[in-house]
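Each remark here refers to the structure printed beneath this line.
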Amino acid sequence: MLKHLRQSGTLIGLLGIVLFFALQLPDTFLTARNLLNVSQQISMLAVTAFTMTIVMVMGDFDLSVGSTASLAGIVAAVLFAAGWPVWAGVAAALAIGVVGGLLNGALVAYVGILPFIATLGTLTIFSGTAFLVSDGKTIFGRDIPPGFAGFARSGVTLTEGVTVPAMSIAAVLVLLVVYVTLEHTIYGRRLYAIGGNVHAAELAGLNVRRLRLSAFALTGLGAAMAGLMYASRVASANPTQGAGLMLDAIAAVFLGMTMGRQGEPHVMATLVGVLILGILDNGLTQMNVDSYVREILIGGIVVAAVAMSSYGRARG
Amino acid sequence: MDSLSLIGLSKAYGGVPALRDVTLHLAPGRVHALMGENGAGKSTLIKLIAGVVPADAMVVRRGATAVSLRNAADAAAAGFRFIHQELNIVPQLSVAENILLGHPSPRRFGVLVDWARMHDRARAALAFLGAAHIDVTRQAGDLGTGDRMLMRIASALVVEEGQAAPCLYVLDEPTAALTATESAKLFAVMSRLTAQGAAILYVSHRMEEVMAVCDDVTVLRDGAHAMAAPIAQTTQTAIIQTMTGRQQTAEPPTGPVVRGAVACDAIGVVSGRLRDISFTLQAGEVLGLAGLEEAGQGDLLRLLLGMGRVKSGQLRVLGGPAPTSPVQAWARGVAYVPRERRSEGLMLGMDVRCNTLLPHLGSFGILARKGPETVRTRDLADKVRLRYRAPDQTVRELSGGNQQKVIFARAIAGNPRLLLLEEPTRGVDVGARAEIHALIRGLSAQGCAVILASSDLPELLGLSHRVLIQQDGRQAALIDRAGLTADQLLARVYSPNPA
């Protein structure tokens, strides 16, 4: 009973938050327009957090996703400015994400550096590279082709005035791909086995190194996607714009982990974490709560949720 | 000093008795050896008197006074000191800090560490041991193994004001990591300690050592008291016989070895600490690995699992060169049951299905298919006679014996041709143990070659066709099981090459 309460506590928290804002903001919060807006606002965080879940399933994590996102945006923008077509710039930026992820994976799995330290190092490297490539400037205006910026403004219109943003659809697609990969493929099961006991997984003949390498590559790819979405949304790229993604993505996965049977991450639970963070941000903004106060509140909620969960687990 | 009596020590873990009504008298100034096979109850006895594990029954008397031992602090206050085989040190701290670890450090003005006094106290403790050559300001991690042992003993010598002087030192396999010279130094220290009137309880597997340095001996067997005598009135042979007991000579393995295919062929293999490893293992044959703890049995198994590199000599496994990774080994038909079930074997938080099929998931294609996997898991669970609720039950909820069966189910799932077993029945109840033995016999009869490392002699004798004895990583003997008794095997483990 207690266990179920602990597992569903985070979900109940999400419903509570929705209810709270629905009562406080009766005219604006629970409207299709606002909810679709929220879905777009959180789409970049969602993509980062979903793919972050892949490494966290193994008990690793990746601090470099924010600067990978920034770098991907910058690389795409620089290539656009150099006259590359949209598809080529996007492909190159995604490739940068994969390469960055492979570098993280190689450092962690083959060199044997702790993920915290390895990705802290690459965070700085990617961030410095983004500044170097962009000359420290924001790239915007004519350099960003309309075809690229238009993506974030496009969507699928359901009825008059109700348009599902393309970014939200992209996030849902990533969610589905990560869900199937983690929960319904042999690959995903192996990642969970590594998270369950890396030593036993190795002795039982899993190719732990290659699995870790590939998982980091996927996380890097997701971070690059999020960076491109961000650049498309603001129709510009600057070397720090992804910086906020990393902490929120890790926080979202941690929130989701409170719902795992053994405290393990699942991407659908990560979605709940993303929704909590996104809806709090949206609702508090609408209530004109000061942004600094907002940060304090969100940080407090993450700590409280994780604390309650580990307290509950310690007591069985 | 008064003599110390440990009376009626009993302890059961989860209904399985580990120690049954054992009584020990420790006279001041004498070294008392505590002997017994692995699992005989030696470490349980030590844990009880250290106050680390609560006893089911125990009376401790010093002279006529009763001593209460409810926790580690009680044991320290009573003057009991423990030196374990694992040298727990903090390598980053100085020798002096390590020696005074767990004691309040001398202070200046109540807050600052009084380094001068700290160093003085550490030096005094080392000087008493005749180890004044150790610089107390060095980092402990820089010391050699012998000096580390001396440092640990020095730490046990430190007495707080108001605390009783140490009256009992418990040395648990102290020479396991020492060279002969270092051991000699340790024995000199021991005689200083006994000269001061302290008693020493000495646990060791090294027979010659025990005969040389101890005054009395108590032998435990299956958790019960089996013998107590002054060393002068007994013999090495008598002690060994008492340790093994009148073990019904386990029935020798039945069924013929499927001759023909060679599963494993080693010629003069050197790898890590392994030396002179030479044997040929045929399909269906069970090769037992015997030796003292950490004599290289695990290293040999892990080498065959692809976790070591052959430095010289030749090693062929299942018709090919030695595997270079566990991935390759499993793919070639090697299966492994690790020694530490919880830390090396299982994903405790995951279900039976995933734990069982882990190395074989690839055979189900790319997508996880719950249906066929569940059928396969049920089938394997029946084969190992697993008692469980459902394939999606978490492994953590199973008993130790059933957890071990999950690892066996995993090992046999791929129809292995070479099965590597390390202490396959450790901590497993009698029923599960018999079932696991039957399983191993069955696999052998079907032509699977088995290498079995076990410190459980009846198990080795009951399952092996031949026994390979290792000593410090070296292959010391390779003997035929036929006609071998437990006593003879144990004697060979202690001194592999009798004159």
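By order in the structure tokens, chains are A, B, ...; within a chain, residues start at 1; ligands start at 1, following the order shown.
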
Quiz item: Which neighbours of range 230-238 of chain A fall inside 6 Å, counting only C-alpha atoms, when residues of the same chain fewer than 2 positions from it are skipped, and could you give them as a list in words?
Solution: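 Once the nearby chain positions are removed, what remains is Gly73, Ile74, Thr138, Ile139, Phe140, Phe148, Ala149, Ala152, Gly227, Leu228, Thr240 and Gln241 of chain A.
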
Saved selection, atoms kept: N, CA, C and O atoms, as a PDB file, in the first residue's frame:
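Dumped everything to part_2.pdb:
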```pdb
ATOM      1  N   GLY A  73      22.813  23.818 -32.357  1.00  0.00           N
ATOM      2  CA  GLY A  73      22.140  24.999 -32.908  1.00  0.00           C
ATOM      3  C   GLY A  73      23.119  25.900 -33.638  1.00  0.00           C
ATOM      4  O   GLY A  73      22.870  26.367 -34.753  1.00  0.00           O
ATOM      5  N   ILE A  74      24.267  26.131 -33.005  1.00  0.00           N
ATOM      6  CA  ILE A  74      25.295  26.998 -33.587  1.00  0.00           C
ATOM      7  C   ILE A  74      25.818  26.416 -34.905  1.00  0.00           C
ATOM      8  O   ILE A  74      25.930  27.113 -35.927  1.00  0.00           O
ATOM      9  N   THR A 138      25.537  35.854 -31.357  1.00  0.00           N
ATOM     10  CA  THR A 138      24.260  35.240 -31.701  1.00  0.00           C
ATOM     11  C   THR A 138      24.083  35.323 -33.218  1.00  0.00           C
ATOM     12  O   THR A 138      24.326  36.369 -33.818  1.00  0.00           O
ATOM     13  N   ILE A 139      23.676  34.205 -33.808  1.00  0.00           N
ATOM     14  CA  ILE A 139      23.454  34.189 -35.256  1.00  0.00           C
ATOM     15  C   ILE A 139      21.951  34.266 -35.491  1.00  0.00           C
ATOM     16  O   ILE A 139      21.194  33.450 -34.967  1.00  0.00           O
ATOM     17  N   PHE A 140      21.510  35.296 -36.232  1.00  0.00           N
ATOM     18  CA  PHE A 140      20.063  35.463 -36.383  1.00  0.00           C
ATOM     19  C   PHE A 140      19.762  36.194 -37.679  1.00  0.00           C
ATOM     20  O   PHE A 140      20.655  36.461 -38.497  1.00  0.00           O
ATOM     21  N   PHE A 148      13.759  26.793 -42.012  1.00  0.00           N
ATOM     22  CA  PHE A 148      14.168  26.203 -40.738  1.00  0.00           C
ATOM     23  C   PHE A 148      13.351  26.807 -39.598  1.00  0.00           C
ATOM     24  O   PHE A 148      12.788  26.081 -38.777  1.00  0.00           O
ATOM     25  N   ALA A 149      13.281  28.141 -39.582  1.00  0.00           N
ATOM     26  CA  ALA A 149      12.537  28.802 -38.503  1.00  0.00           C
ATOM     27  C   ALA A 149      11.056  28.471 -38.592  1.00  0.00           C
ATOM     28  O   ALA A 149      10.338  28.463 -37.591  1.00  0.00           O
ATOM     29  N   ALA A 152       9.159  25.547 -36.357  1.00  0.00           N
ATOM     30  CA  ALA A 152       8.629  25.763 -35.015  1.00  0.00           C
ATOM     31  C   ALA A 152       7.275  26.447 -35.051  1.00  0.00           C
ATOM     32  O   ALA A 152       6.514  26.386 -34.093  1.00  0.00           O
ATOM     33  N   GLY A 227      18.439  21.043 -29.378  1.00  0.00           N
ATOM     34  CA  GLY A 227      19.112  22.293 -29.719  1.00  0.00           C
ATOM     35  C   GLY A 227      18.581  22.876 -31.022  1.00  0.00           C
ATOM     36  O   GLY A 227      18.374  24.093 -31.137  1.00  0.00           O
ATOM     37  N   LEU A 228      18.340  22.002 -32.000  1.00  0.00           N
ATOM     38  CA  LEU A 228      17.803  22.472 -33.283  1.00  0.00           C
ATOM     39  C   LEU A 228      16.384  23.026 -33.100  1.00  0.00           C
ATOM     40  O   LEU A 228      16.014  24.045 -33.687  1.00  0.00           O
ATOM     41  N   THR A 240      24.896  29.853 -25.751  1.00  0.00           N
ATOM     42  CA  THR A 240      24.491  29.441 -24.405  1.00  0.00           C
ATOM     43  C   THR A 240      23.025  29.050 -24.332  1.00  0.00           C
ATOM     44  O   THR A 240      22.519  28.762 -23.261  1.00  0.00           O
ATOM     45  N   GLN A 241      22.327  28.990 -25.480  1.00  0.00           N
ATOM     46  CA  GLN A 241      20.876  28.884 -25.339  1.00  0.00           C
ATOM     47  C   GLN A 241      20.392  27.537 -24.822  1.00  0.00           C
ATOM     48  O   GLN A 241      19.300  27.434 -24.292  1.00  0.00           O
TER      49      GLN A 241
END
```

Mind listing as an mmCIF file with C-alpha atoms, in the first residue's frame which residues of chain B are within 7 Å of chain A, counting only C-alpha atoms?
```cif
data_model
loop_
_atom_site.group_PDB
_atom_site.id
_atom_site.type_symbol
_atom_site.label_atom_id
_atom_site.label_comp_id
_atom_site.auth_asym_id
_atom_site.auth_seq_id
_atom_site.Cartn_x
_atom_site.Cartn_y
_atom_site.Cartn_z
ATOM 1 C CA PRO B 326 32.881 -12.777 -21.416
ATOM 2 C CA VAL B 327 30.791 -11.841 -24.470
ATOM 3 C CA TRP B 330 29.214 -17.063 -23.570
ATOM 4 C CA SER B 343 27.092 -8.632 -6.317
ATOM 5 C CA GLU B 344 28.286 -10.602 -9.350
ATOM 6 C CA GLY B 345 25.319 -12.681 -10.353
ATOM 7 C CA LEU B 346 21.954 -11.067 -10.060
ATOM 8 C CA MET B 347 20.067 -7.942 -10.918
ATOM 9 C CA GLY B 349 15.622 -5.546 -8.536
ATOM 10 C CA MET B 350 14.719 -7.232 -11.809
ATOM 11 C CA PRO B 359 22.891 -13.632 -21.836
ATOM 12 C CA LEU B 361 18.135 -12.363 -25.079
ATOM 13 C CA GLY B 362 19.617 -12.067 -28.553
ATOM 14 C CA ILE B 366 15.425 -7.572 -31.736
ATOM 15 C CA LEU B 367 12.098 -6.950 -30.078
ATOM 16 C CA ALA B 368 11.507 -8.209 -26.568
#
```

Self-check item: d(CA of Ser5 in chain B, CA of Ser183 in chain B) in Å
Solution: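 That distance, rounded to one decimal, is 28.1 Å.
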
Self-check item: Nearby residues (only C-alpha atoms) at most 8 Å from Ile99 in chain B, same-chain spacing under 4 positions excluded, as a list in words
Solution: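 Returned residues: Val95, Ala122, Met151, Arg152, Ala154, Ser155, Ala156 and Val158 of chain B.
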
Atoms to include: N, CA and C atoms. Write the selected residues as a short mmCIF file (atom, residue, chain, number, x, y, z; two decimals), in the first residue's frame.
```cif
data_model
loop_
_atom_site.label_atom_id
_atom_site.label_comp_id
_atom_site.auth_asym_id
_atom_site.auth_seq_id
_atom_site.Cartn_x
_atom_site.Cartn_y
_atom_site.Cartn_z
N VAL B 95 50.10 7.32 8.70
CA VAL B 95 50.18 6.14 9.55
C VAL B 95 49.64 6.46 10.94
N ALA B 122 51.45 7.23 18.38
CA ALA B 122 51.57 6.24 17.32
C ALA B 122 52.95 5.61 17.34
N MET B 151 50.92 -1.87 11.38
CA MET B 151 50.19 -0.65 11.70
C MET B 151 48.83 -0.98 12.31
N ARG B 152 48.16 -2.00 11.74
CA ARG B 152 46.85 -2.39 12.26
C ARG B 152 46.97 -2.93 13.68
N ALA B 154 49.33 -2.16 15.79
CA ALA B 154 49.63 -1.00 16.64
C ALA B 154 48.34 -0.29 17.01
N SER B 155 47.44 -0.19 16.03
CA SER B 155 46.17 0.47 16.27
C SER B 155 45.38 -0.27 17.35
N ALA B 156 45.47 -1.61 17.33
CA ALA B 156 44.76 -2.39 18.34
C ALA B 156 45.38 -2.22 19.72
N VAL B 158 46.48 0.61 21.04
CA VAL B 158 46.21 1.91 21.65
C VAL B 158 45.10 1.76 22.69
#
```

Report as a tab-separated table (two decimals) with C-alpha atoms, in the first residue's frame all protein, DNA and RNA residues lying within 12 Å of Leu158 in chain A, evaluated on only C-alpha atoms, omitting residues in the same chain fewer than 4 positions from it.
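Output saved as out28.tsv:
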```
chain	number	residue	atom	x	y	z
A	32	ALA	CA	-6.83	23.86	-25.46
A	33	ARG	CA	-4.82	26.84	-26.54
A	36	LEU	CA	-0.99	23.21	-26.61
A	162	VAL	CA	-6.62	24.63	-32.47
A	163	THR	CA	-3.24	23.78	-33.96
A	164	VAL	CA	-0.99	21.09	-32.61
A	165	PRO	CA	2.53	22.51	-32.85
```

Practice problem: Looking only at alpha helix (DSSP H) from DSSP on the backbone, list the matching residues of range 13-210 of chain B as an MDAnalysis selection string. | Solution: chainID B and resid 42:49 72:77 95:99 115:128 145:157 180:195 207:210

Quiz item: Skipping near chain neighbours, those fewer than 4 positions away, what residues fall within 12 Å of Gly268 in chain B using only C-alpha atoms, listed as a ChimeraX atom specification?
Solution: /B:274-280,310-316,474-475

Write a file of the selected residues as a short mmCIF file (atom, residue, chain, number, x, y, z; two decimals), in the first residue's frame, keeping C-alpha atoms.
```cif
data_model
loop_
_atom_site.label_atom_id
_atom_site.label_comp_id
_atom_site.auth_asym_id
_atom_site.auth_seq_id
_atom_site.Cartn_x
_atom_site.Cartn_y
_atom_site.Cartn_z
CA LEU B 274 48.41 -18.25 -12.27
CA ARG B 275 51.42 -20.47 -12.94
CA ASP B 276 52.04 -23.89 -14.47
CA ILE B 277 48.40 -24.54 -15.30
CA SER B 278 48.28 -27.75 -17.36
CA PHE B 279 45.26 -29.98 -17.78
CA THR B 280 43.02 -31.47 -20.42
CA VAL B 310 47.45 -15.74 -21.28
CA LYS B 311 51.00 -14.50 -20.80
CA SER B 312 52.69 -17.70 -21.82
CA GLY B 313 51.78 -21.29 -22.46
CA GLN B 314 48.86 -22.48 -24.53
CA LEU B 315 45.17 -22.43 -23.71
CA ARG B 316 42.42 -23.74 -25.97
CA ARG B 474 50.34 -22.25 -8.99
CA GLN B 475 49.00 -25.64 -10.06
#
```

Self-check item: Who sits within 7 Å of range 128-134 of chain A, only C-alpha atoms, same chain under 5 positions skipped, as a count of residues only
Solution: 4

Quiz item: Hey, what's within 10 Å of range 371-374 of chain B if we count only C-alpha atoms and toss same-chain stuff fewer than 4 positions away? As a ChimeraX atom specification, please?
Solution: /B:352-354,356-357,361,364,378-380,390-392

Taking the backbone alone, and naming residues the way the document does, which bits of range 168-400 of chain B are strand (DSSP E or B) by DSSP, as a compact mmCIF listing (two decimals) with N, CA and C atoms, in the first residue's frame?
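Once written, out28.txt looks like this:
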```
# COMPACT_ATOMS: atom_id res chain seq x y z
N LEU B 168 42.51 -9.69 25.21
CA LEU B 168 42.34 -10.72 24.19
C LEU B 168 42.56 -10.10 22.81
N TYR B 169 43.48 -10.71 22.07
CA TYR B 169 43.65 -10.30 20.68
C TYR B 169 43.12 -11.41 19.80
N VAL B 170 42.26 -11.06 18.86
CA VAL B 170 41.76 -12.05 17.92
C VAL B 170 42.40 -11.77 16.57
N LEU B 171 43.23 -12.68 16.10
CA LEU B 171 43.91 -12.50 14.82
C LEU B 171 43.28 -13.45 13.81
N ASP B 172 42.63 -12.89 12.80
CA ASP B 172 41.91 -13.71 11.83
C ASP B 172 42.74 -13.81 10.56
N ALA B 199 45.67 -12.91 26.16
CA ALA B 199 45.39 -14.15 25.44
C ALA B 199 45.24 -13.83 23.97
N ILE B 200 45.58 -14.79 23.11
CA ILE B 200 45.43 -14.58 21.68
C ILE B 200 44.58 -15.70 21.10
N LEU B 201 43.56 -15.32 20.34
CA LEU B 201 42.79 -16.32 19.61
C LEU B 201 43.24 -16.22 18.16
N TYR B 202 43.78 -17.32 17.67
CA TYR B 202 44.49 -17.27 16.40
C TYR B 202 43.76 -18.14 15.38
N VAL B 203 43.25 -17.51 14.31
CA VAL B 203 42.54 -18.26 13.28
C VAL B 203 43.43 -18.34 12.05
N ASP B 216 47.31 -23.92 22.40
CA ASP B 216 46.12 -24.76 22.50
C ASP B 216 45.39 -24.71 21.17
N VAL B 217 44.50 -25.67 20.97
CA VAL B 217 43.70 -25.63 19.75
C VAL B 217 42.27 -26.05 20.05
N THR B 218 41.33 -25.34 19.41
CA THR B 218 39.93 -25.77 19.43
C THR B 218 39.53 -25.98 17.98
N VAL B 219 38.89 -27.11 17.69
CA VAL B 219 38.44 -27.38 16.32
C VAL B 219 36.93 -27.32 16.29
N LEU B 220 36.40 -26.61 15.33
CA LEU B 220 34.95 -26.55 15.12
C LEU B 220 34.61 -27.37 13.89
N ARG B 221 33.44 -28.03 13.94
CA ARG B 221 32.96 -28.73 12.75
C ARG B 221 31.46 -28.53 12.68
N ALA B 224 29.75 -26.84 15.51
CA ALA B 224 29.81 -27.38 16.86
C ALA B 224 31.26 -27.63 17.28
N HIS B 225 31.43 -27.69 18.58
CA HIS B 225 32.74 -27.96 19.15
C HIS B 225 33.13 -29.40 18.80
N ALA B 226 34.33 -29.62 18.25
CA ALA B 226 34.72 -30.97 17.87
C ALA B 226 35.92 -31.46 18.67
N MET B 227 36.74 -30.54 19.16
CA MET B 227 37.94 -30.97 19.86
C MET B 227 38.59 -29.77 20.52
N ALA B 228 39.20 -29.98 21.69
CA ALA B 228 40.02 -28.94 22.32
C ALA B 228 41.17 -29.65 23.01
N ALA B 229 42.38 -29.18 22.77
CA ALA B 229 43.53 -29.83 23.37
C ALA B 229 44.72 -28.90 23.32
N PRO B 230 45.68 -29.11 24.22
CA PRO B 230 46.95 -28.41 24.06
C PRO B 230 47.63 -28.95 22.80
N VAL B 262 37.51 -32.61 -26.65
CA VAL B 262 38.25 -31.92 -25.60
C VAL B 262 37.61 -30.54 -25.41
N ALA B 263 37.18 -30.25 -24.17
CA ALA B 263 36.51 -28.97 -23.92
C ALA B 263 37.53 -27.89 -23.64
N CYS B 264 38.61 -28.29 -23.03
CA CYS B 264 39.54 -27.28 -22.56
C CYS B 264 40.92 -27.92 -22.45
N ASP B 265 41.92 -27.23 -22.95
CA ASP B 265 43.25 -27.81 -22.97
C ASP B 265 44.26 -26.73 -22.59
N ALA B 266 44.92 -26.93 -21.46
CA ALA B 266 45.89 -25.94 -20.99
C ALA B 266 47.26 -26.57 -20.91
N ILE B 267 48.25 -25.89 -21.47
CA ILE B 267 49.63 -26.38 -21.39
C ILE B 267 50.51 -25.27 -20.83
N GLY B 268 50.96 -25.47 -19.60
CA GLY B 268 51.90 -24.51 -18.98
C GLY B 268 51.42 -23.07 -19.01
N VAL B 269 50.13 -22.86 -18.71
CA VAL B 269 49.59 -21.50 -18.81
C VAL B 269 50.06 -20.63 -17.66
N VAL B 270 50.51 -19.42 -18.01
CA VAL B 270 50.85 -18.40 -17.03
C VAL B 270 49.97 -17.20 -17.33
N SER B 271 49.30 -16.67 -16.32
CA SER B 271 48.43 -15.52 -16.52
C SER B 271 48.17 -14.88 -15.17
N LEU B 274 48.47 -16.83 -11.94
CA LEU B 274 48.41 -18.25 -12.27
C LEU B 274 49.73 -18.72 -12.88
N ARG B 275 50.16 -19.91 -12.45
CA ARG B 275 51.42 -20.47 -12.94
C ARG B 275 51.22 -21.95 -13.23
N ASP B 276 51.94 -22.44 -14.21
CA ASP B 276 52.04 -23.89 -14.47
C ASP B 276 50.68 -24.57 -14.60
N ILE B 277 49.71 -23.91 -15.19
CA ILE B 277 48.40 -24.54 -15.30
C ILE B 277 48.41 -25.47 -16.53
N SER B 278 48.28 -26.76 -16.28
CA SER B 278 48.28 -27.75 -17.36
C SER B 278 47.24 -28.81 -17.08
N PHE B 279 46.22 -28.90 -17.92
CA PHE B 279 45.26 -29.98 -17.78
C PHE B 279 44.48 -30.11 -19.08
N THR B 280 43.90 -31.27 -19.29
CA THR B 280 43.02 -31.47 -20.42
C THR B 280 41.66 -31.88 -19.87
N LEU B 281 40.64 -31.18 -20.28
CA LEU B 281 39.31 -31.47 -19.76
C LEU B 281 38.45 -31.97 -20.91
N GLN B 282 37.82 -33.15 -20.68
CA GLN B 282 37.02 -33.71 -21.76
C GLN B 282 35.55 -33.43 -21.55
N VAL B 286 34.05 -33.63 -14.92
CA VAL B 286 34.00 -32.58 -13.91
C VAL B 286 35.38 -32.47 -13.27
N LEU B 287 35.98 -31.28 -13.39
CA LEU B 287 37.29 -31.03 -12.79
C LEU B 287 37.09 -30.16 -11.57
N GLY B 288 37.49 -30.67 -10.39
CA GLY B 288 37.37 -29.88 -9.17
C GLY B 288 38.60 -29.01 -8.98
N LEU B 289 38.39 -27.79 -8.49
CA LEU B 289 39.53 -26.92 -8.15
C LEU B 289 39.56 -26.78 -6.64
N ALA B 290 40.68 -27.17 -6.04
CA ALA B 290 40.78 -27.07 -4.59
C ALA B 290 41.99 -26.22 -4.23
N SER B 312 51.94 -16.70 -21.08
CA SER B 312 52.69 -17.70 -21.82
C SER B 312 52.02 -19.04 -21.66
N GLY B 313 52.44 -20.00 -22.45
CA GLY B 313 51.78 -21.29 -22.46
C GLY B 313 50.65 -21.26 -23.48
N GLN B 314 49.90 -22.37 -23.51
CA GLN B 314 48.86 -22.48 -24.53
C GLN B 314 47.54 -22.83 -23.89
N LEU B 315 46.49 -22.15 -24.27
CA LEU B 315 45.17 -22.43 -23.71
C LEU B 315 44.16 -22.48 -24.84
N ARG B 316 43.49 -23.63 -24.98
CA ARG B 316 42.42 -23.74 -25.97
C ARG B 316 41.13 -24.06 -25.26
N VAL B 317 40.07 -23.36 -25.64
CA VAL B 317 38.77 -23.53 -25.00
C VAL B 317 37.74 -23.87 -26.07
N GLY B 320 38.75 -23.60 -29.75
CA GLY B 320 39.31 -22.36 -30.28
C GLY B 320 40.31 -21.79 -29.30
N PRO B 321 40.91 -20.65 -29.65
CA PRO B 321 41.80 -20.00 -28.69
C PRO B 321 41.01 -19.51 -27.48
N VAL B 334 30.43 -21.17 -23.26
CA VAL B 334 30.91 -21.20 -21.88
C VAL B 334 29.82 -20.56 -21.02
N ALA B 335 29.55 -21.12 -19.86
CA ALA B 335 28.62 -20.47 -18.93
C ALA B 335 29.30 -20.39 -17.58
N TYR B 336 28.92 -19.38 -16.80
CA TYR B 336 29.65 -19.09 -15.57
C TYR B 336 28.68 -18.83 -14.42
N VAL B 337 28.92 -19.47 -13.30
CA VAL B 337 28.15 -19.18 -12.08
C VAL B 337 29.12 -18.52 -11.11
N ASP B 351 13.25 -8.97 -12.64
CA ASP B 351 12.46 -10.17 -12.45
C ASP B 351 13.23 -11.44 -12.85
N LEU B 367 13.14 -7.40 -30.98
CA LEU B 367 12.10 -6.95 -30.08
C LEU B 367 11.96 -7.92 -28.92
N THR B 394 10.21 -10.41 -8.63
CA THR B 394 11.52 -9.82 -8.44
C THR B 394 12.44 -10.81 -7.73
```

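Among B:Thr194, B:Thr485, B:Gln446, B:Ser363, the residue with the shortest atom-to-atom distance to His32 in chain B, counting only C-alpha atoms, is B:Thr194.
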
Quiz item: How many Å lie between CA of Leu79 in chain A and CA of Gly141 in chain A, rounded to one decimal?
Solution: 14.1 Å

Quiz item: Please, what distance in Å, to one decimal, runs between CA of Leu218 in chain A and CA of Met246 in chain A?
Solution: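 Taking CA of Leu218 in chain A and CA of Met246 in chain A, their separation equals 15.3 Å.
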